[in-house]
Each structure stands twice: as C-alpha cells, then as structure tokens.
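**Student:** Sharing a structure, written as structure tokens. Questions coming.
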Amino acid sequence: MYPVCIRYVGDRDTAQDILQEGFITLFSKLDSYSGEGAFEGWARKIFVNTALMYLRKTDALKLGTDIEEARSLASEAPSAIQSIGYAELMQLIASLPAGFRTVFNMYVVEGYSHKEIADALGISEVTSRSQLQRARKMLQDKIKMMENDKTGR
Amino acid sequence: MTKQDDNKFDLEIRSLLSGAEESVPDSVWEGVSSALLARRRVVLMRRIGLVASLAAAAALVVGVFLFKDPSVIPSEVEESLLSASSFAPASGSGDVAGPAQNERRCEIEVGTCAGNPVSVASSVAGHGQEIAPATEVPGTCAADAIPTGDATAIPSEAEGGAKVSGSGDVAGPGEEIAPATNEAETSDNAAPAFDLTHPDADLTGGSPTLGKAPRRLLALSAGGLMETNGNPVRSTFTGYRANGTVLPKTGVREHGDNGSYGVPFSLGLGLQWHFAPRWALGTGLTYSCLSRSFTGTYTVTEGDAVTFQITSNIDNSIHYLGVPLQLSYSLTGDGPVQCYTFAGAALEKGLTNRFRIKDAESDIIYKEHVDGVQLSFNLGLGVRFPMTDRVGLYLDPSLHYYPDCGQPRSIRTRQKLMFSLEAGLRFDL
C-alpha cells in the first residue's frame, strides 16, 4: 500500500503519514469488512480514500492551473515505456500535477470509471476525461524526455 | 493518438506498477501501534464516561423522585413501621439498646403508642446535653390502657391526661411520673420511648424524625486527584513536517510527536459551604503536576549564535496552582453512604515549565515561564463514607474538560477530555 500512497501524494514523507492514517482507519474498521470481495481491494480503497482526503484538504485537487499547464503539451505518440524502470516511473508520476496524477491513478491504475472519479473528486465526467487525457500526454512527454536524456539526444 | 494507443499505454503502466513493493519505515508501524493503543484508551474512557453519566443520571432520578426530603419519612414507610410495630412488644424488657437499636425502638414505641398522647420533643434540653430517657410504667402502651385521642397532642392535667414532668417525660393518663430517671432505672422498667442523645436524633422540637444528622454549614476537604493519561494519536496533515527557517533560540524543541505522558495528579484543600439543604458550593486551592518524556534538542543561544546544543531524552513537568469552584447537589441526603453529583470549573496558573535534559555527565535543568491560565470544567458523581460524626472519606470520579488556552504542551493539550478520580477526607466544621 505504500506505493499506492506515494503515487497519490507524490512524496514519501507525506505518503508515510497517509499510510499510517490508512492503517489506523483499516484496523478501526476491520469489523465493517463484510467478506464480500477481495480484502486487498477493500483495504486499497481505504488508502486511496485517505490519500484523496489529504489532497482535498490541501487543495491539491484544484484543477485550474493544471489545465493551463497541460494546454502547452503536444500530442505525442506513446513511447515504449519498457526502457524505464519502476522507480523512474514512480518519479515521473509523482512529478505530475496533483489533479492529473489523481485522475490518472484512479483511472489507469485503480480502474475507476470516469463517473466514479467524478463523484469522488466532485468534478464532472468531462473534466475527468480531459484530465486523464492531459495526464497521459504529460507523462508520455516526460517519458520521452527521459529516453532522450538517456540516449543523449 | 488513438484509443487503442491509450489502452496500450495504460496497460504498460499498470504492468510496470503491479507487484511493486516499497519498504515501510519502522516509524510508521510504531505510529500505527501507538495510535491504536491511544484510540483504544479513548474508547475505554468514553465507555467509562458513558457508564458514569448513566449512573449519575440514574442516581439523580432516584434521588430527586424517591428522596425529595430526607428529613421526612415517606408516609408509606411510616405506615409500615406502624403496622410492624403493632406486633412488637409494648415495652422493652429492660435491655439498653445501642444507638441503632434505640433508633429502631423509637419507631416501634411510636407505633405501639399510637393513640396515646405521647410527646417526646419536650424532653429535649439541647444539643449535646444528656437527656434521660422517658420512664414508662410497664404496660403503659398496651392497647387496653391507651385511651383514644390525638396522638400528637399533649394532654393537659385538666383533660385527664398524664402529668407532664418538668422535663417533659411521658406517662400514661392519670399517672404521675417522677422526673427523669437515670438510664439504669429506666432499663429495668421500660424501654425508652425515644433516645434523643443519639447524634442523629432530631433536635428541632418537631415531629420525631429518623436518622437525620444536623446539617453543618461548612466542610473542609483535603484530597488528591489522578487523571487518565495516554499517548495521543499522532495527527496527520497538521504540517509538522513543514520545513522552514527558524531563527535559533534558547529552548527545547521536541522531535516528532511521540512523547509519553505521565499520570497527572493534583493535591488540594477545599472548603464547602452548604447554603441550602441539598446544595453546597465549594472552592479551594489545588496543586497539579503534569509530566511527560520525549526526545528533543536543547539549544542555548547568544544573540543569533548557537553556543550549546544537545539532543537527548527530556523529562518535562508543568506545575499548576489552581482555584476550583464547584456546585454539589446531594442525591441521598444523610446516611451511611452519601451520594452527590457536582459540576464546576477551575482556573489554573502555571507556576513553571521544567525540563530535565539527560546528559552523560549531569542532567541539565531548564525552566520556562508559563503564560496565561488554564480553564477547565468538570462534571461528576461523588460518594462520601462517613467515618465519624464529622469526618468522612470521599471518592469523586469525574470528567474534566480542558479547552485550548494556549498552554504549553501537556496531556491536557493533547487529550482535552479526561477521566479523573479524586479521593480524600472531608471534615464537617
């Protein structure tokens, strides 16, 4: 669950706080786990919700500046991301603006639908789609830049 | 970029992230376990508080509705005493009963002599004065010897009633009774109609009452108080990780928020004023000590330059002097166990905030001034066990709430609601 927390909040110190808070919530609510569905999925939801609460509390989910930032991005063909490792990918995801990062994590990694994301973050489905699109583009851009740095181009 | 490309990209990302593991620092697990422990304590405290509140409420209801005035025997009780007494012997066989027995005898005698003009109030000479019990000719109270009449009236000689001696002793109609005799004589002949020498006897001259101690206006108490402690949950999202440039300053800086807290205790002297039959107002002076231990850095500066710095385990104690104000309401009146409920507030002024910094050579003592005052509110249910006529042991479990008053960090600033148990001696003045 630690990597989940890091992906959402972007830095390890805060992720440790989220992890701690998440475990406290998990242990306190263990009796509310009905046994339906995988325990890991249930537990994961707790950590994601804890991270979202933190992001909401710190106003990290304000999307205005993120969108402006993303407008300048060029549409690029997807890079072959096999050349980068886990640590580098985590670093690149962490460097995304919080709004992009959150929608990207929820949709791509956790598998939430745009409706669920919209409900959880209090945004419209259209905004969720557009955020995801921009997050993808930005991440691809960063991957490309990293590849270029590696090859010395 | 097509949707297929997007899906492919997403899959690659997911596969790269799946199964990823990161080692979690030990501090996280320590934080989780201490937070869960603290949470369990809070839950326990809430349960205790709930039970105490329910008990207080129940006691209040019982006290208010069943014992509205402890000085008056409920009529049902009186009737039952009377009916029970009709089966009791009319007079004693000469045994001298102890205070408790005398008290019961009083009830029986009153009942047995119902219809007989009996008065006992007139035999009271004053509080503390030895009064000889009323003498009585054996069989005086036998049913056939008792004329009908008003049980409460004192018959005059003209009415054919008993002659009442100077001390007001009671006799049957037409019988002249000698002045009060001593107890030995009485015990040979009859049981005393009333033993008014008992400290619990009613001395007001009114109708006979049972077991009511004279109300004393002032009480002095001396006792100690202990409160719950705990290691509070480390709060997240409070910004304590924030980095900032802090100008060096002489003082102690705590690392993190994982200190442990000692049990807070207080000692005090109090004065209680019984301004109404069931109500009392109390005040006094209390001394409290709050302690904790943590890891921190002690820095000494001169101007902006740091001249000494040490990171070590630090013991911290804050000492307070306080003035409480408390209103009490007696639930049970006087009796072998007295219950009451109370609520109040207190103002406490910090005397000193003392740090003992552990050092290999010798510990360093550093003190800080404590600004402001700490306000607190309390609510509880108390019980007093009289040990003698004037001295009683009291136990006052209560809940204390400490609002934020800008005081130095202590268990009170971290755990605002605490359960406390106060115990001590109370002296009736």
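In the structure tokens, chains take the letters A, B, ... in the order shown, each chain's residues start at 1, and ligands count up from 1 in the order shown.
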Residues of chain B within 9 Å of chain A, counting only C-alpha atoms - could you list those as number ranges by chain?

**Tutor:** B: 1, 5-14, 16-18, 20-25, 27-29, 31-33, 35-36, 39, 235-237, 241

**Student:** Next, write the just-selected residues to a file, as an mmCIF file, in the first residue's frame, keeping C-alpha atoms as the atom set.

**Tutor:**
```
data_model
loop_
_atom_site.group_PDB
_atom_site.id
_atom_site.type_symbol
_atom_site.label_atom_id
_atom_site.label_comp_id
_atom_site.auth_asym_id
_atom_site.auth_seq_id
_atom_site.Cartn_x
_atom_site.Cartn_y
_atom_site.Cartn_z
ATOM 1 C CA MET B 1 -3.171 9.184 -30.578
ATOM 2 C CA ASP B 5 -2.759 3.530 -28.158
ATOM 3 C CA ASP B 6 -4.131 4.895 -24.908
ATOM 4 C CA ASN B 7 -5.170 1.463 -23.751
ATOM 5 C CA LYS B 8 -1.785 0.007 -24.637
ATOM 6 C CA PHE B 9 -0.041 2.785 -22.744
ATOM 7 C CA ASP B 10 -2.284 2.265 -19.726
ATOM 8 C CA LEU B 11 -1.593 -1.474 -19.734
ATOM 9 C CA GLU B 12 2.133 -0.920 -19.847
ATOM 10 C CA ILE B 13 1.954 1.489 -16.953
ATOM 11 C CA ARG B 14 -0.194 -0.924 -14.948
ATOM 12 C CA LEU B 16 5.130 -1.846 -14.561
ATOM 13 C CA LEU B 17 3.463 -0.739 -11.338
ATOM 14 C CA SER B 18 1.865 -4.061 -10.433
ATOM 15 C CA ALA B 20 5.717 -3.057 -6.784
ATOM 16 C CA GLU B 21 6.949 -3.070 -3.220
ATOM 17 C CA GLU B 22 8.457 -0.405 -1.057
ATOM 18 C CA SER B 23 9.943 -0.914 2.361
ATOM 19 C CA VAL B 24 7.963 0.897 5.022
ATOM 20 C CA PRO B 25 9.965 2.704 7.716
ATOM 21 C CA SER B 27 8.335 4.704 12.466
ATOM 22 C CA VAL B 28 5.104 4.132 10.555
ATOM 23 C CA TRP B 29 4.406 0.859 12.357
ATOM 24 C CA GLY B 31 2.952 5.314 14.924
ATOM 25 C CA VAL B 32 0.157 2.923 13.971
ATOM 26 C CA SER B 33 0.523 0.819 17.112
ATOM 27 C CA ALA B 35 -2.238 5.450 17.736
ATOM 28 C CA LEU B 36 -4.329 2.303 18.003
ATOM 29 C CA ARG B 39 -7.624 5.053 20.374
ATOM 30 C CA SER B 235 -2.187 13.773 13.920
ATOM 31 C CA THR B 236 -1.631 13.770 10.206
ATOM 32 C CA PHE B 237 -1.936 16.714 7.908
ATOM 33 C CA ARG B 241 6.777 18.109 8.636
#
```

**Student:** Quick check, in Å to one decimal: how far apart do CA of Ile314 in chain B and CA of Thr228 in chain B lie?

**Tutor:** 21.4 Å

**Student:** I need the residues in range 103-141 of chain A that are alpha helix (DSSP H) according to DSSP; give them as a list in words.

**Tutor:**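 Matching residues for alpha helix (DSSP H) in range 103-141 of chain A are Val103, Phe104, His114, Lys115, Glu116, Ile117, Ala118, Asp119, Ala120, Leu121, Glu125, Val126, Thr127, Ser128, Arg129, Ser130, Gln131, Leu132, Gln133, Arg134, Ala135, Arg136, Lys137, Met138, Leu139, Gln140 and Asp141 of chain A.
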
**Student:** Using the selection just defined, write its residues with N, CA and C atoms as a short mmCIF file (atom, residue, chain, number, x, y, z; two decimals), in the first residue's frame.

**Tutor:**
```cif
data_model
loop_
_atom_site.label_atom_id
_atom_site.label_comp_id
_atom_site.auth_asym_id
_atom_site.auth_seq_id
_atom_site.Cartn_x
_atom_site.Cartn_y
_atom_site.Cartn_z
N VAL A 103 -6.38 11.74 -11.12
CA VAL A 103 -7.28 11.13 -12.10
C VAL A 103 -6.57 9.98 -12.82
N PHE A 104 -5.31 10.19 -13.14
CA PHE A 104 -4.53 9.15 -13.82
C PHE A 104 -4.44 7.88 -12.95
N HIS A 114 -14.96 6.91 -15.09
CA HIS A 114 -14.97 8.38 -15.03
C HIS A 114 -16.10 8.88 -14.12
N LYS A 115 -17.18 8.12 -14.09
CA LYS A 115 -18.30 8.54 -13.23
C LYS A 115 -17.88 8.45 -11.75
N GLU A 116 -17.22 7.36 -11.43
CA GLU A 116 -16.77 7.17 -10.03
C GLU A 116 -15.73 8.25 -9.67
N ILE A 117 -14.85 8.54 -10.61
CA ILE A 117 -13.84 9.57 -10.35
C ILE A 117 -14.53 10.93 -10.15
N ALA A 118 -15.48 11.20 -11.03
CA ALA A 118 -16.20 12.48 -10.94
C ALA A 118 -16.90 12.61 -9.59
N ASP A 119 -17.51 11.52 -9.14
CA ASP A 119 -18.21 11.55 -7.85
C ASP A 119 -17.23 11.73 -6.69
N ALA A 120 -16.13 11.04 -6.78
CA ALA A 120 -15.16 11.08 -5.67
C ALA A 120 -14.47 12.43 -5.57
N LEU A 121 -14.21 13.04 -6.70
CA LEU A 121 -13.46 14.30 -6.68
C LEU A 121 -14.35 15.53 -6.79
N GLU A 125 -17.76 14.46 -15.30
CA GLU A 125 -17.13 13.35 -16.03
C GLU A 125 -16.26 13.87 -17.17
N VAL A 126 -16.73 14.96 -17.80
CA VAL A 126 -15.97 15.54 -18.91
C VAL A 126 -14.60 16.02 -18.41
N THR A 127 -14.63 16.67 -17.24
CA THR A 127 -13.36 17.15 -16.67
C THR A 127 -12.44 15.97 -16.38
N SER A 128 -13.03 14.89 -15.86
CA SER A 128 -12.23 13.71 -15.54
C SER A 128 -11.57 13.17 -16.81
N ARG A 129 -12.34 13.09 -17.89
CA ARG A 129 -11.79 12.59 -19.16
C ARG A 129 -10.67 13.50 -19.65
N SER A 130 -10.95 14.78 -19.61
CA SER A 130 -9.95 15.72 -20.12
C SER A 130 -8.68 15.70 -19.27
N GLN A 131 -8.86 15.56 -17.95
CA GLN A 131 -7.69 15.48 -17.05
C GLN A 131 -6.87 14.23 -17.37
N LEU A 132 -7.55 13.15 -17.61
CA LEU A 132 -6.85 11.90 -17.89
C LEU A 132 -6.06 12.02 -19.19
N GLN A 133 -6.72 12.59 -20.18
CA GLN A 133 -6.07 12.73 -21.47
C GLN A 133 -4.79 13.56 -21.33
N ARG A 134 -4.94 14.64 -20.59
CA ARG A 134 -3.79 15.53 -20.43
C ARG A 134 -2.71 14.89 -19.58
N ALA A 135 -3.14 14.12 -18.60
CA ALA A 135 -2.15 13.44 -17.75
C ALA A 135 -1.35 12.45 -18.58
N ARG A 136 -2.04 11.73 -19.41
CA ARG A 136 -1.35 10.77 -20.29
C ARG A 136 -0.31 11.48 -21.16
N LYS A 137 -0.76 12.55 -21.76
CA LYS A 137 0.13 13.28 -22.67
C LYS A 137 1.35 13.79 -21.92
N MET A 138 1.08 14.32 -20.76
CA MET A 138 2.20 14.89 -19.98
C MET A 138 3.18 13.79 -19.58
N LEU A 139 2.64 12.67 -19.18
CA LEU A 139 3.51 11.56 -18.75
C LEU A 139 4.32 11.03 -19.94
N GLN A 140 3.64 10.91 -21.07
CA GLN A 140 4.36 10.44 -22.26
C GLN A 140 5.47 11.41 -22.62
N ASP A 141 5.17 12.64 -22.50
CA ASP A 141 6.18 13.68 -22.77
C ASP A 141 7.39 13.52 -21.86
#
```

**Student:** Counting only C-alpha atoms, figure out which residue out of A:Ala15, A:Arg44, A:Lys144, A:Leu52 gets nearest to Ala98 in chain A.

**Tutor:**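 Of A:Ala15, A:Arg44, A:Lys144, A:Leu52, the one nearest Ala98 in chain A is A:Leu52, counting only C-alpha atoms.
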